[in-house]
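I have placed the structure first, in the form of structure tokens, so that the comments after it can refer back to it.
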There are 2 protein chains.
Amino acid sequence: MEFPKENFSEWYNEVVEAAGLVDKRYPVKGMHVWRPYGWKIMQNIDNYFREIFTEYGHEEVNFPLLVPETEFKKEAEHIRGFEDEVFWVTHGGLTPLDVKMLLRPTSETAMYPMFSLWIRTHADLPLKIFQIVNIFRYETKQTRTFIRMREVHFFEAHTAHATYEDAERQIQEDIELWKKIARKLALPYRIVKKADWDKFPGAIYSLGVETVMPSGRTLQIATFHQYGQNFSKPYEIEYLKEDGTHEHVHQTTFGMSERLVGAIVGIHGDDRGLIIPPEIAPIQVVIIPIVTKNKQEVLDEAKKIEKELKNAGIKVHLDARDNYTPGYKFYDWELRGVPLRLEIGPRDMKNGTVMLVRRDTREKILTKREEYVARVRELLSEIQEHLIEKAEREMQERIKAVNTIEDAKNEDGVAAVPWCGSEECGQKIEEETEKKIIGMPTEQKHGKCIICGKDTDIVAYVAKPY
Amino acid sequence: MEFPKENFSEWYNEVVEAAGLVDKRYPVKGMHVWRPYGWKIMQNIDNYFREIFTEYGHEEVNFPLLVPETEFKKEAEHIRGFEDEVFWVTHGGLTPLDVKMLLRPTSETAMYPMFSLWIRTHADLPLKIFQIVNIFRYETKQTRTFIRMREVHFFEAHTAHATYEDAERQIQEDIELWKKIARKLALPYRIVKKADWDKFPGAIYSLGVETVMPSGRTLQIATFHQYGQNFSKPYEIEYLKEDGTHEHVHQTTFGMSERLVGAIVGIHGDDRGLIIPPEIAPIQVVIIPIVTKNKQEVLDEAKKIEKELKNAGIKVHLDARDNYTPGYKFYDWELRGVPLRLEIGPRDMKNGTVMLVRRDTREKILTKREEYVARVRELLSEIQEHLIEKAEREMQERIKAVNTIEDAKNEDGVAAVPWCGSEECGQKIEEETEKKIIGMPTEQKHGKCIICGKDTDIVAYVAKPY
């Protein structure tokens with residue numbers, strides 16, 4: 001399984017199955033089966049979301065999947081944005097439904113009729129909820145595991161606030177929260193503001209969290225939307241102010257999906273397979289007994305080590321299969337991306353050592369038996385840091401400041417170009433480069449629009465997005 | 001909120017909303033919104049499933065929701081059993097789908113095409129997987145929160161074995177596993193074999209786990225099905241035996257749903273609201289500061305207690321709201337069923353005590369400050385045991401052995417009657433009592449069939465099921 005950039009797509013499509021994340025043979029386009037190892041990674045991420053969003057004052061709820069057409073059609077822009085890409089349920093048994101229903105593509109239109117019942121006075125605000133569910137989009141483009149699917153494992157946080165400023169503060173809090181998530185998942189990113197024609201249907205503005213895959217294409221892995229009162233007006237979500245008047249609430253959302261797993265696969269992987277960041281790895285340490293002789297003795301020692309690591313709160317797996325060679329097992333667990341391998345053999349037992357092998361650098365570290373637990377803990381933390389640092393460095397290399405349309409077109413990764421900000425020039429940039437403006441980073445820089453030459457501080461990231 | 005038996009239905013419908021479990025105002029029949037407290041209870045149950053099924057060698061997977069009509073139609077009895085009650089997806093966007101798809105009513109037909117790819121040789125067996133998902137049934141009868149819904153939160157374990165005997169042993173293991181679940185949820189039950197006309201579509205036989213609600217109606221809260229080779233033949237799930245020949249696998253399933261929450265609500269509740277068994281309670285102890293004077297001092301002490309309990313691994317919540325009286329808070333947390341209340345006031349601080357109040361017996365226990373953590377732990381465990389014991393006693397009272405069709409008809413709960421086992425007499429029992437044979441318990445008893453008078457050892461439970 002080679003990993004040259006030009007073969008990234010092939011490598012990616014192969015590794016997601018070979019490493020046991022999913023099975024793509026399910027007989028519906030764009031829908032896959034999560035296998036135990038892949039699902040465990042997703043669940044570790046979900047559980048971290050539960051922990052951190054609860055810490056930030058959100059509560060978890062669970063809304064129905066089906067949305068009646070009548071509710072869906074209340075916000076005009078939203079429906080225009082989604083009507084071509086939703087699945088419709090039209091029959092119950094053999095009976096046509098009176099009101100047809102759609103499979104949620106996201107849950108605004110399911111949730112907001114309830115918000116209008118839940119929110120009465122300023123004391124009910126802010127309302128901060130989230131849910132982790134499956135959503136559905138009838139994608140007509142080519143589908144790709146985790147990245148463009150018709151059924152998507154989805155996280156969505158929805159908030160309602162008394163004022164626009166409170167909603168703005170929520171988005172700042174979301175960004176703070178995202179930074180913690182990014183460290184946990186070891187994902188590099190840039191936050192960009194979406195061009196007006198590219199924002200979420202119904203939003204005042206949208207921010208995208210973008211990462212860059214080894215192919216040079218960008219992947220949007222999280223979004224924050226400021227809705228203002230665009231939904232609260234059609235859905236009649238009002239609150240009674242302290243002065244006795246009523247006002248519509250101001251709303252935000254924060255969305256993420258299984259794309260995060262796709263980003264981890266692509267950004268950390270190498271020609272041996274996956275590398276899972278230790279903080280979300282289902283298995284942090286795999287123990288391989290080197291069993292040429294004294295088999296039972298080595299196995300007993302391996303079991304002892306397994307127990308010691310487990311007691312230390314480390315996620316450990318002992319590979320005691322006796323129909324595979326140690327070499328095969330090395331290969332197998334490298335493919336699955338287990339961050340640290342611990343080898344124990346007869347010589348180690350004699351010398352009072354264990355061999356630790358890092359998945360990221362492949363470095364071998366001979367460690368004394370009496371200090372190996374502490375060393376394992378240190379190494380897991382070093383691997384996490386190294387993945388973060390390496391991925392950030394590679395991402396930086398994939399973003400280049402350029403000043404001509406030609407350079408923007410030829411750039412392999414992300415071209416950062418000066419742009420006046422007008423829709424006219426924006427569309428021209430997209431046409432002439434055959435790429436997209438994926439958004440504007442927060443950091444501005446003085447330059448001249450590469451189309452009209454006007455002075456500007458705005459930078460546009462131009463790239464091919466997934 | 002009174003709780004006389006004749007008003008059970010009204011009480012139940014009211015308490016599920018009043019206690020903050022769900023909101024039933026979602027604008028689709030049979031689909032509700034899980035509110036944070038209700039969802040937390042469901043998740044505690046789910047997480048226990050994850051723990052215990054993993055311990056018993058199952059792995060968690062996640063299959064797509066949509067099943068193509070072509071896959072669904074492979075097992076003839078199964079499709080006959082479900083075709084009137086599935087939702088159909090017919091359109092993607094504005095385009096009619098080539099092959100229409102249904103929302104899974106259960107996942108046999110989604111999973112088994114993949115089983116036929118996964119299972120190759122005897123070394124792949126047993127295959128033991130489970131998933132926790134939403135399923136859909138187009139119920140035309142009256143819907144009821146948790147009990148009869150159109151969208152259902154569902155647990156399903158599926159296994160494949162080399163022989164029929166292995167599959168039988170799996171069902172014995174499932175029963176062992178269920179017994180642990182029943183203790184965790186404090187639910188009384190009887191395991192019955194379903195009459196042949198009432199088994200799962202496609203099964204060789206079905207076992208139901210039945211409990212009895214205070215209304216006297218039975219509720220099926222878990223099922224075990226022996227499929228034998230009924231699915232493996234149409235889905236071509238074969239394995240290579242050691243002797244070189246091929247054989248179809250033998251399969252079982254184990255299903256449970258949000259009905260478990262309904263059973264907890266109904267079986268443990270009283271006229272003050274819910275009583276949540278400590279082992280799955282989101283909040284095991286609620287601290288109410290009695291703040292007539294020395295407000296800050298009492299609050300500080302309450303926070304200290306909160307921390308001490310949290311450190312002891314107890315799920316605790318401090319109700320520090322200052323716009324509600326202690327009396328209102330008592331009422332509120334009793335309604336939500338928190339098993340233990342801890343009151344701390346100025347007098348307690350002076351005397352070095354705290355007041356513990358049990359939700360189940362309402363007993364007040366004045367406890368010394370230095371030993372309260374141990375006492376809390378003891379009491380939680382006593383409450384759990386008391387709920388189990390009380391519920392089992394009440395269930396026993398709701399099952400009566402009777403020997404005439406008249407008595408069976410007039411019995412408020414479950415009538416245990418002698419039955420020859422013939423379908424003819426079975427149908428007559430159901431017609432004349434206007435009830436159902438919910439199944440046959442494992443314990444047999446000698447008697448004469450209440451229809452034909454024939455000698456028999458078979459007992460039938462006759463009742464009105466939910």
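Residues are named by chain letter and number: chains run A, B, ... in the order of the structure tokens, numbers start at 1 in each chain, and ligands are numbered from 1 in the order shown.
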
Could you write out, as a PyMOL selection string, all the residues of range 386-443 of chain A that DSSP marks as strand (DSSP E or B)? chain A and resi 399-401+414-418+436-441

Using the chain letters and numbers from this document, which residues of range 21-180 of chain B does DSSP assign to alpha helix (DSSP H), as a PDB file with N, CA and C atoms, in the first residue's frame?
ATOM      1  N   PRO B  36     -33.257  16.023  27.880  1.00  0.00           N
ATOM      2  CA  PRO B  36     -31.959  15.609  28.446  1.00  0.00           C
ATOM      3  C   PRO B  36     -32.044  14.543  29.547  1.00  0.00           C
ATOM      4  N   TYR B  37     -32.999  14.677  30.456  1.00  0.00           N
ATOM      5  CA  TYR B  37     -33.052  13.729  31.575  1.00  0.00           C
ATOM      6  C   TYR B  37     -33.446  12.329  31.097  1.00  0.00           C
ATOM      7  N   GLY B  38     -34.432  12.261  30.231  1.00  0.00           N
ATOM      8  CA  GLY B  38     -34.868  10.971  29.691  1.00  0.00           C
ATOM      9  C   GLY B  38     -33.770  10.317  28.864  1.00  0.00           C
ATOM     10  N   TRP B  39     -33.105  11.126  28.061  1.00  0.00           N
ATOM     11  CA  TRP B  39     -32.053  10.596  27.182  1.00  0.00           C
ATOM     12  C   TRP B  39     -30.879  10.062  27.993  1.00  0.00           C
ATOM     13  N   LYS B  40     -30.611  10.723  29.124  1.00  0.00           N
ATOM     14  CA  LYS B  40     -29.515  10.294  29.997  1.00  0.00           C
ATOM     15  C   LYS B  40     -29.828   8.913  30.594  1.00  0.00           C
ATOM     16  N   ILE B  41     -31.067   8.690  30.984  1.00  0.00           N
ATOM     17  CA  ILE B  41     -31.459   7.367  31.502  1.00  0.00           C
ATOM     18  C   ILE B  41     -31.260   6.313  30.408  1.00  0.00           C
ATOM     19  N   MET B  42     -31.753   6.631  29.202  1.00  0.00           N
ATOM     20  CA  MET B  42     -31.615   5.700  28.075  1.00  0.00           C
ATOM     21  C   MET B  42     -30.135   5.421  27.812  1.00  0.00           C
ATOM     22  N   GLN B  43     -29.319   6.444  27.868  1.00  0.00           N
ATOM     23  CA  GLN B  43     -27.888   6.264  27.602  1.00  0.00           C
ATOM     24  C   GLN B  43     -27.196   5.452  28.679  1.00  0.00           C
ATOM     25  N   ASN B  44     -27.613   5.641  29.919  1.00  0.00           N
ATOM     26  CA  ASN B  44     -27.029   4.815  30.982  1.00  0.00           C
ATOM     27  C   ASN B  44     -27.341   3.340  30.731  1.00  0.00           C
ATOM     28  N   ILE B  45     -28.545   3.078  30.263  1.00  0.00           N
ATOM     29  CA  ILE B  45     -28.918   1.703  29.926  1.00  0.00           C
ATOM     30  C   ILE B  45     -28.081   1.217  28.736  1.00  0.00           C
ATOM     31  N   ASP B  46     -27.999   2.041  27.681  1.00  0.00           N
ATOM     32  CA  ASP B  46     -27.192   1.683  26.500  1.00  0.00           C
ATOM     33  C   ASP B  46     -25.743   1.376  26.887  1.00  0.00           C
ATOM     34  N   ASN B  47     -25.194   2.213  27.740  1.00  0.00           N
ATOM     35  CA  ASN B  47     -23.783   2.009  28.103  1.00  0.00           C
ATOM     36  C   ASN B  47     -23.591   0.730  28.900  1.00  0.00           C
ATOM     37  N   TYR B  48     -24.597   0.393  29.697  1.00  0.00           N
ATOM     38  CA  TYR B  48     -24.523  -0.889  30.392  1.00  0.00           C
ATOM     39  C   TYR B  48     -24.575  -2.045  29.390  1.00  0.00           C
ATOM     40  N   PHE B  49     -25.437  -1.916  28.382  1.00  0.00           N
ATOM     41  CA  PHE B  49     -25.477  -2.936  27.318  1.00  0.00           C
ATOM     42  C   PHE B  49     -24.091  -3.084  26.682  1.00  0.00           C
ATOM     43  N   ARG B  50     -23.484  -1.939  26.355  1.00  0.00           N
ATOM     44  CA  ARG B  50     -22.159  -1.981  25.708  1.00  0.00           C
ATOM     45  C   ARG B  50     -21.174  -2.747  26.582  1.00  0.00           C
ATOM     46  N   GLU B  51     -21.201  -2.439  27.865  1.00  0.00           N
ATOM     47  CA  GLU B  51     -20.259  -3.052  28.798  1.00  0.00           C
ATOM     48  C   GLU B  51     -20.479  -4.565  28.869  1.00  0.00           C
ATOM     49  N   ILE B  52     -21.721  -4.949  29.076  1.00  0.00           N
ATOM     50  CA  ILE B  52     -21.984  -6.355  29.360  1.00  0.00           C
ATOM     51  C   ILE B  52     -21.916  -7.218  28.094  1.00  0.00           C
ATOM     52  N   PHE B  53     -22.386  -6.703  26.968  1.00  0.00           N
ATOM     53  CA  PHE B  53     -22.307  -7.491  25.734  1.00  0.00           C
ATOM     54  C   PHE B  53     -20.854  -7.636  25.270  1.00  0.00           C
ATOM     55  N   THR B  54     -20.048  -6.611  25.494  1.00  0.00           N
ATOM     56  CA  THR B  54     -18.621  -6.717  25.170  1.00  0.00           C
ATOM     57  C   THR B  54     -17.983  -7.802  26.036  1.00  0.00           C
ATOM     58  N   GLU B  55     -18.322  -7.784  27.325  1.00  0.00           N
ATOM     59  CA  GLU B  55     -17.824  -8.789  28.256  1.00  0.00           C
ATOM     60  C   GLU B  55     -18.172 -10.206  27.782  1.00  0.00           C
ATOM     61  N   GLU B  69     -35.501  -2.653  -1.228  1.00  0.00           N
ATOM     62  CA  GLU B  69     -36.635  -3.577  -1.318  1.00  0.00           C
ATOM     63  C   GLU B  69     -36.172  -4.978  -1.741  1.00  0.00           C
ATOM     64  N   THR B  70     -35.204  -5.025  -2.660  1.00  0.00           N
ATOM     65  CA  THR B  70     -34.715  -6.305  -3.179  1.00  0.00           C
ATOM     66  C   THR B  70     -34.117  -7.190  -2.083  1.00  0.00           C
ATOM     67  N   GLU B  71     -33.361  -6.594  -1.135  1.00  0.00           N
ATOM     68  CA  GLU B  71     -32.795  -7.387  -0.037  1.00  0.00           C
ATOM     69  C   GLU B  71     -33.887  -7.814   0.929  1.00  0.00           C
ATOM     70  N   PHE B  72     -34.813  -6.890   1.164  1.00  0.00           N
ATOM     71  CA  PHE B  72     -35.856  -7.125   2.153  1.00  0.00           C
ATOM     72  C   PHE B  72     -36.728  -8.322   1.785  1.00  0.00           C
ATOM     73  N   ALA B  76     -39.338 -14.970   2.831  1.00  0.00           N
ATOM     74  CA  ALA B  76     -40.760 -14.804   2.535  1.00  0.00           C
ATOM     75  C   ALA B  76     -41.628 -14.497   3.766  1.00  0.00           C
ATOM     76  N   GLU B  77     -41.433 -15.260   4.866  1.00  0.00           N
ATOM     77  CA  GLU B  77     -42.279 -15.041   6.043  1.00  0.00           C
ATOM     78  C   GLU B  77     -42.005 -13.688   6.673  1.00  0.00           C
ATOM     79  N   HIS B  78     -40.713 -13.331   6.661  1.00  0.00           N
ATOM     80  CA  HIS B  78     -40.297 -12.078   7.269  1.00  0.00           C
ATOM     81  C   HIS B  78     -40.986 -10.897   6.577  1.00  0.00           C
ATOM     82  N   ILE B  79     -40.954 -10.892   5.259  1.00  0.00           N
ATOM     83  CA  ILE B  79     -41.578  -9.774   4.540  1.00  0.00           C
ATOM     84  C   ILE B  79     -43.081  -9.757   4.784  1.00  0.00           C
ATOM     85  N   ARG B  80     -43.737 -10.932   4.820  1.00  0.00           N
ATOM     86  CA  ARG B  80     -45.176 -10.953   5.096  1.00  0.00           C
ATOM     87  C   ARG B  80     -45.476 -10.340   6.456  1.00  0.00           C
ATOM     88  N   GLY B  81     -44.568 -10.596   7.428  1.00  0.00           N
ATOM     89  CA  GLY B  81     -44.787 -10.083   8.781  1.00  0.00           C
ATOM     90  C   GLY B  81     -44.636  -8.572   8.869  1.00  0.00           C
ATOM     91  N   PHE B  82     -43.889  -7.991   7.975  1.00  0.00           N
ATOM     92  CA  PHE B  82     -43.568  -6.570   8.122  1.00  0.00           C
ATOM     93  C   PHE B  82     -44.083  -5.642   7.029  1.00  0.00           C
ATOM     94  N   GLU B 108     -32.362  -7.617  10.336  1.00  0.00           N
ATOM     95  CA  GLU B 108     -31.996  -8.878   9.684  1.00  0.00           C
ATOM     96  C   GLU B 108     -31.632  -8.667   8.216  1.00  0.00           C
ATOM     97  N   THR B 109     -32.523  -7.996   7.505  1.00  0.00           N
ATOM     98  CA  THR B 109     -32.368  -7.917   6.051  1.00  0.00           C
ATOM     99  C   THR B 109     -31.278  -6.937   5.636  1.00  0.00           C
ATOM    100  N   ALA B 110     -30.848  -6.064   6.556  1.00  0.00           N
ATOM    101  CA  ALA B 110     -29.703  -5.195   6.274  1.00  0.00           C
ATOM    102  C   ALA B 110     -28.403  -5.948   6.550  1.00  0.00           C
ATOM    103  N   MET B 111     -28.411  -6.737   7.621  1.00  0.00           N
ATOM    104  CA  MET B 111     -27.169  -7.366   8.078  1.00  0.00           C
ATOM    105  C   MET B 111     -26.796  -8.628   7.301  1.00  0.00           C
ATOM    106  N   TYR B 112     -27.794  -9.440   6.960  1.00  0.00           N
ATOM    107  CA  TYR B 112     -27.460 -10.783   6.513  1.00  0.00           C
ATOM    108  C   TYR B 112     -26.789 -10.845   5.139  1.00  0.00           C
ATOM    109  N   PRO B 113     -27.076  -9.881   4.244  1.00  0.00           N
ATOM    110  CA  PRO B 113     -26.267  -9.877   3.016  1.00  0.00           C
ATOM    111  C   PRO B 113     -24.774  -9.698   3.324  1.00  0.00           C
ATOM    112  N   MET B 114     -24.456  -8.927   4.389  1.00  0.00           N
ATOM    113  CA  MET B 114     -23.056  -8.736   4.767  1.00  0.00           C
ATOM    114  C   MET B 114     -22.503  -9.981   5.466  1.00  0.00           C
ATOM    115  N   PHE B 115     -23.343 -10.634   6.279  1.00  0.00           N
ATOM    116  CA  PHE B 115     -22.908 -11.879   6.930  1.00  0.00           C
ATOM    117  C   PHE B 115     -22.409 -12.871   5.879  1.00  0.00           C
ATOM    118  N   SER B 116     -23.098 -12.906   4.745  1.00  0.00           N
ATOM    119  CA  SER B 116     -22.709 -13.893   3.726  1.00  0.00           C
ATOM    120  C   SER B 116     -21.336 -13.541   3.148  1.00  0.00           C
ATOM    121  N   LEU B 117     -20.905 -12.280   3.276  1.00  0.00           N
ATOM    122  CA  LEU B 117     -19.550 -11.910   2.843  1.00  0.00           C
ATOM    123  C   LEU B 117     -18.528 -12.137   3.957  1.00  0.00           C
ATOM    124  N   TRP B 118     -18.945 -11.954   5.187  1.00  0.00           N
ATOM    125  CA  TRP B 118     -18.011 -12.012   6.318  1.00  0.00           C
ATOM    126  C   TRP B 118     -17.682 -13.442   6.740  1.00  0.00           C
ATOM    127  N   TYR B 164     -26.918 -25.942  15.280  1.00  0.00           N
ATOM    128  CA  TYR B 164     -28.147 -25.570  15.974  1.00  0.00           C
ATOM    129  C   TYR B 164     -27.912 -25.573  17.484  1.00  0.00           C
ATOM    130  N   GLU B 165     -27.129 -26.535  17.959  1.00  0.00           N
ATOM    131  CA  GLU B 165     -26.867 -26.642  19.397  1.00  0.00           C
ATOM    132  C   GLU B 165     -26.087 -25.423  19.892  1.00  0.00           C
ATOM    133  N   ASP B 166     -25.136 -24.951  19.085  1.00  0.00           N
ATOM    134  CA  ASP B 166     -24.397 -23.738  19.462  1.00  0.00           C
ATOM    135  C   ASP B 166     -25.358 -22.546  19.570  1.00  0.00           C
ATOM    136  N   ALA B 167     -26.297 -22.469  18.631  1.00  0.00           N
ATOM    137  CA  ALA B 167     -27.279 -21.374  18.665  1.00  0.00           C
ATOM    138  C   ALA B 167     -28.154 -21.500  19.913  1.00  0.00           C
ATOM    139  N   GLU B 168     -28.508 -22.735  20.290  1.00  0.00           N
ATOM    140  CA  GLU B 168     -29.280 -22.950  21.515  1.00  0.00           C
ATOM    141  C   GLU B 168     -28.492 -22.495  22.748  1.00  0.00           C
ATOM    142  N   ARG B 169     -27.200 -22.821  22.765  1.00  0.00           N
ATOM    143  CA  ARG B 169     -26.364 -22.382  23.885  1.00  0.00           C
ATOM    144  C   ARG B 169     -26.294 -20.853  23.942  1.00  0.00           C
ATOM    145  N   GLN B 170     -26.292 -20.217  22.754  1.00  0.00           N
ATOM    146  CA  GLN B 170     -26.282 -18.753  22.724  1.00  0.00           C
ATOM    147  C   GLN B 170     -27.530 -18.194  23.405  1.00  0.00           C
ATOM    148  N   ILE B 171     -28.662 -18.830  23.151  1.00  0.00           N
ATOM    149  CA  ILE B 171     -29.899 -18.334  23.773  1.00  0.00           C
ATOM    150  C   ILE B 171     -29.841 -18.519  25.294  1.00  0.00           C
ATOM    151  N   GLN B 172     -29.234 -19.597  25.746  1.00  0.00           N
ATOM    152  CA  GLN B 172     -29.042 -19.767  27.194  1.00  0.00           C
ATOM    153  C   GLN B 172     -28.144 -18.674  27.755  1.00  0.00           C
ATOM    154  N   GLU B 173     -27.093 -18.331  27.018  1.00  0.00           N
ATOM    155  CA  GLU B 173     -26.187 -17.248  27.443  1.00  0.00           C
ATOM    156  C   GLU B 173     -26.948 -15.915  27.465  1.00  0.00           C
ATOM    157  N   ASP B 174     -27.806 -15.701  26.452  1.00  0.00           N
ATOM    158  CA  ASP B 174     -28.609 -14.471  26.409  1.00  0.00           C
ATOM    159  C   ASP B 174     -29.492 -14.352  27.648  1.00  0.00           C
ATOM    160  N   ILE B 175     -30.043 -15.475  28.071  1.00  0.00           N
ATOM    161  CA  ILE B 175     -30.920 -15.455  29.249  1.00  0.00           C
ATOM    162  C   ILE B 175     -30.113 -15.081  30.497  1.00  0.00           C
ATOM    163  N   GLU B 176     -28.915 -15.636  30.580  1.00  0.00           N
ATOM    164  CA  GLU B 176     -28.004 -15.326  31.699  1.00  0.00           C
ATOM    165  C   GLU B 176     -27.698 -13.822  31.706  1.00  0.00           C
ATOM    166  N   LEU B 177     -27.441 -13.304  30.522  1.00  0.00           N
ATOM    167  CA  LEU B 177     -27.146 -11.890  30.347  1.00  0.00           C
ATOM    168  C   LEU B 177     -28.362 -11.042  30.727  1.00  0.00           C
ATOM    169  N   TRP B 178     -29.527 -11.476  30.277  1.00  0.00           N
ATOM    170  CA  TRP B 178     -30.754 -10.752  30.618  1.00  0.00           C
ATOM    171  C   TRP B 178     -30.939 -10.642  32.125  1.00  0.00           C
ATOM    172  N   LYS B 179     -30.629 -11.729  32.841  1.00  0.00           N
ATOM    173  CA  LYS B 179     -30.813 -11.714  34.302  1.00  0.00           C
ATOM    174  C   LYS B 179     -30.011 -10.581  34.943  1.00  0.00           C
ATOM    175  N   LYS B 180     -28.823 -10.341  34.422  1.00  0.00           N
ATOM    176  CA  LYS B 180     -28.010  -9.232  34.946  1.00  0.00           C
ATOM    177  C   LYS B 180     -28.651  -7.885  34.608  1.00  0.00           C
TER     178      LYS B 180
END

Near chain A, which residues of chain B fall within 9 Å when you count only C-alpha atoms, and what do they look like as an MDAnalysis selection string? chainID B and resid 23 25:28 31:40 59:68 71 82:95 102:103 110:111 113:114 117 129 134 137:139 151

Given only C-alpha atoms as the basis, pick out the residue of A:Asn323, A:Gln396, A:Ser422, A:Gln444 nearest to Gly216 in chain A. A:Gln396

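From CA of Tyr466 in chain A back to CA of Thr442 in chain A, the distance works out to 21.7 Å.
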
List the neighbours of Gln384 in chain B out to 7 Å using only C-alpha atoms; skip same-chain residues closer than 4 positions along the sequence, and give me the result as a PyMOL selection string. chain B and resi 186+277-278+380+388

Keeping only C-alpha atoms, write those residues as a PDB file, in the first residue's frame.
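What ended up in result-v1.pdb:
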ATOM      1  CA  ALA B 186     -34.753  -3.571  38.835  1.00  0.00           C
ATOM      2  CA  PRO B 277     -33.300   2.521  40.169  1.00  0.00           C
ATOM      3  CA  PRO B 278     -29.984   3.844  41.600  1.00  0.00           C
ATOM      4  CA  LEU B 380     -28.359   3.328  47.241  1.00  0.00           C
ATOM      5  CA  ILE B 388     -36.248  -5.407  42.924  1.00  0.00           C
TER       6      ILE B 388
END

All residues 12 Å or closer to Arg393 in chain A, only C-alpha atoms, same chain fewer than 5 positions away omitted, as a ChimeraX atom specification: /A:187-189,212,267,386-388,398-399

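What separates CA of Lys310 in chain A from CA of Lys315 in chain B is a distance of 23.9 Å.
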
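Minimum atom-to-atom distances from B:Lys194, B:Arg341, B:Lys295, B:Arg120 to Gln220 in chain B were compared using only C-alpha atoms, and the lowest value belongs to B:Lys194.
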
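Atom pair CA of Glu210 in chain A / CA of Asn7 in chain A has a distance of 21.8 Å (rounded to one decimal).
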
May I have the residues within 7 Å of Ala415 in chain A as an MDAnalysis selection string, using only C-alpha atoms and disregarding those fewer than 2 positions away in the same chain? chainID A and resid 399:402 408 411 413 417 461:463

Save the residues we just selected, C-alpha atoms, as a JSON list (two decimals), in the first residue's frame?
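Saved to again_36.json:
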[["chain", "number", "residue", "atom", "x", "y", "z"],
["A", 399, "ILE", "CA", -0.95, 26.69, 1.86],
["A", 400, "LYS", "CA", 0.96, 29.16, -0.35],
["A", 401, "ALA", "CA", 0.53, 32.90, -0.74],
["A", 402, "VAL", "CA", 0.41, 33.69, -4.47],
["A", 408, "ALA", "CA", -3.41, 30.13, -8.04],
["A", 411, "GLU", "CA", -0.86, 25.57, -6.95],
["A", 413, "GLY", "CA", -2.70, 22.79, -2.37],
["A", 417, "VAL", "CA", -4.71, 35.21, -2.87],
["A", 461, "TYR", "CA", -8.20, 30.57, 0.12],
["A", 462, "VAL", "CA", -8.56, 29.04, -3.32],
["A", 463, "ALA", "CA", -8.50, 25.25, -3.57]]

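Residues in contact with Gln226 in chain A at 6 Å, where only C-alpha atoms are counted and same-chain residues fewer than 2 positions away are skipped, are listed as Ala203, Ile204, Tyr205, Gly228 and Thr252 of chain A.
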
When you look at Gly273 in chain B with a cut-off of 8 Å (counting only C-alpha atoms), what residues show up, excluding the ones that are within fewer than 4 positions of it in the same chain? I need them as JSON, numbers by chain. {"B": [1, 15, 19, 269, 334, 335, 336, 337]}

Print the selection's residues with N, CA and C atoms to a file, as a PDB file, in the first residue's frame.
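Final file, result-v3.pdb:
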ATOM      1  N   MET B   1     -51.106  14.272  41.026  1.00  0.00           N
ATOM      2  CA  MET B   1     -50.917  13.108  40.177  1.00  0.00           C
ATOM      3  C   MET B   1     -51.197  11.833  40.965  1.00  0.00           C
ATOM      4  N   VAL B  15     -46.828  11.593  33.521  1.00  0.00           N
ATOM      5  CA  VAL B  15     -45.543  11.608  34.233  1.00  0.00           C
ATOM      6  C   VAL B  15     -44.352  11.597  33.270  1.00  0.00           C
ATOM      7  N   ALA B  19     -41.946  14.645  34.270  1.00  0.00           N
ATOM      8  CA  ALA B  19     -40.631  14.340  34.849  1.00  0.00           C
ATOM      9  C   ALA B  19     -39.496  14.688  33.882  1.00  0.00           C
ATOM     10  N   GLY B 269     -42.938   3.641  39.569  1.00  0.00           N
ATOM     11  CA  GLY B 269     -43.519   4.949  39.878  1.00  0.00           C
ATOM     12  C   GLY B 269     -44.552   4.904  40.984  1.00  0.00           C
ATOM     13  N   GLU B 334     -38.507  14.572  43.587  1.00  0.00           N
ATOM     14  CA  GLU B 334     -39.319  13.364  43.784  1.00  0.00           C
ATOM     15  C   GLU B 334     -39.998  12.983  42.479  1.00  0.00           C
ATOM     16  N   LEU B 335     -40.559  13.984  41.798  1.00  0.00           N
ATOM     17  CA  LEU B 335     -41.211  13.756  40.499  1.00  0.00           C
ATOM     18  C   LEU B 335     -40.256  13.083  39.518  1.00  0.00           C
ATOM     19  N   ARG B 336     -39.002  13.530  39.501  1.00  0.00           N
ATOM     20  CA  ARG B 336     -38.017  12.970  38.576  1.00  0.00           C
ATOM     21  C   ARG B 336     -37.412  11.650  39.065  1.00  0.00           C
ATOM     22  N   GLY B 337     -37.726  11.285  40.298  1.00  0.00           N
ATOM     23  CA  GLY B 337     -37.359   9.959  40.768  1.00  0.00           C
ATOM     24  C   GLY B 337     -35.935   9.785  41.254  1.00  0.00           C
TER      25      GLY B 337
END
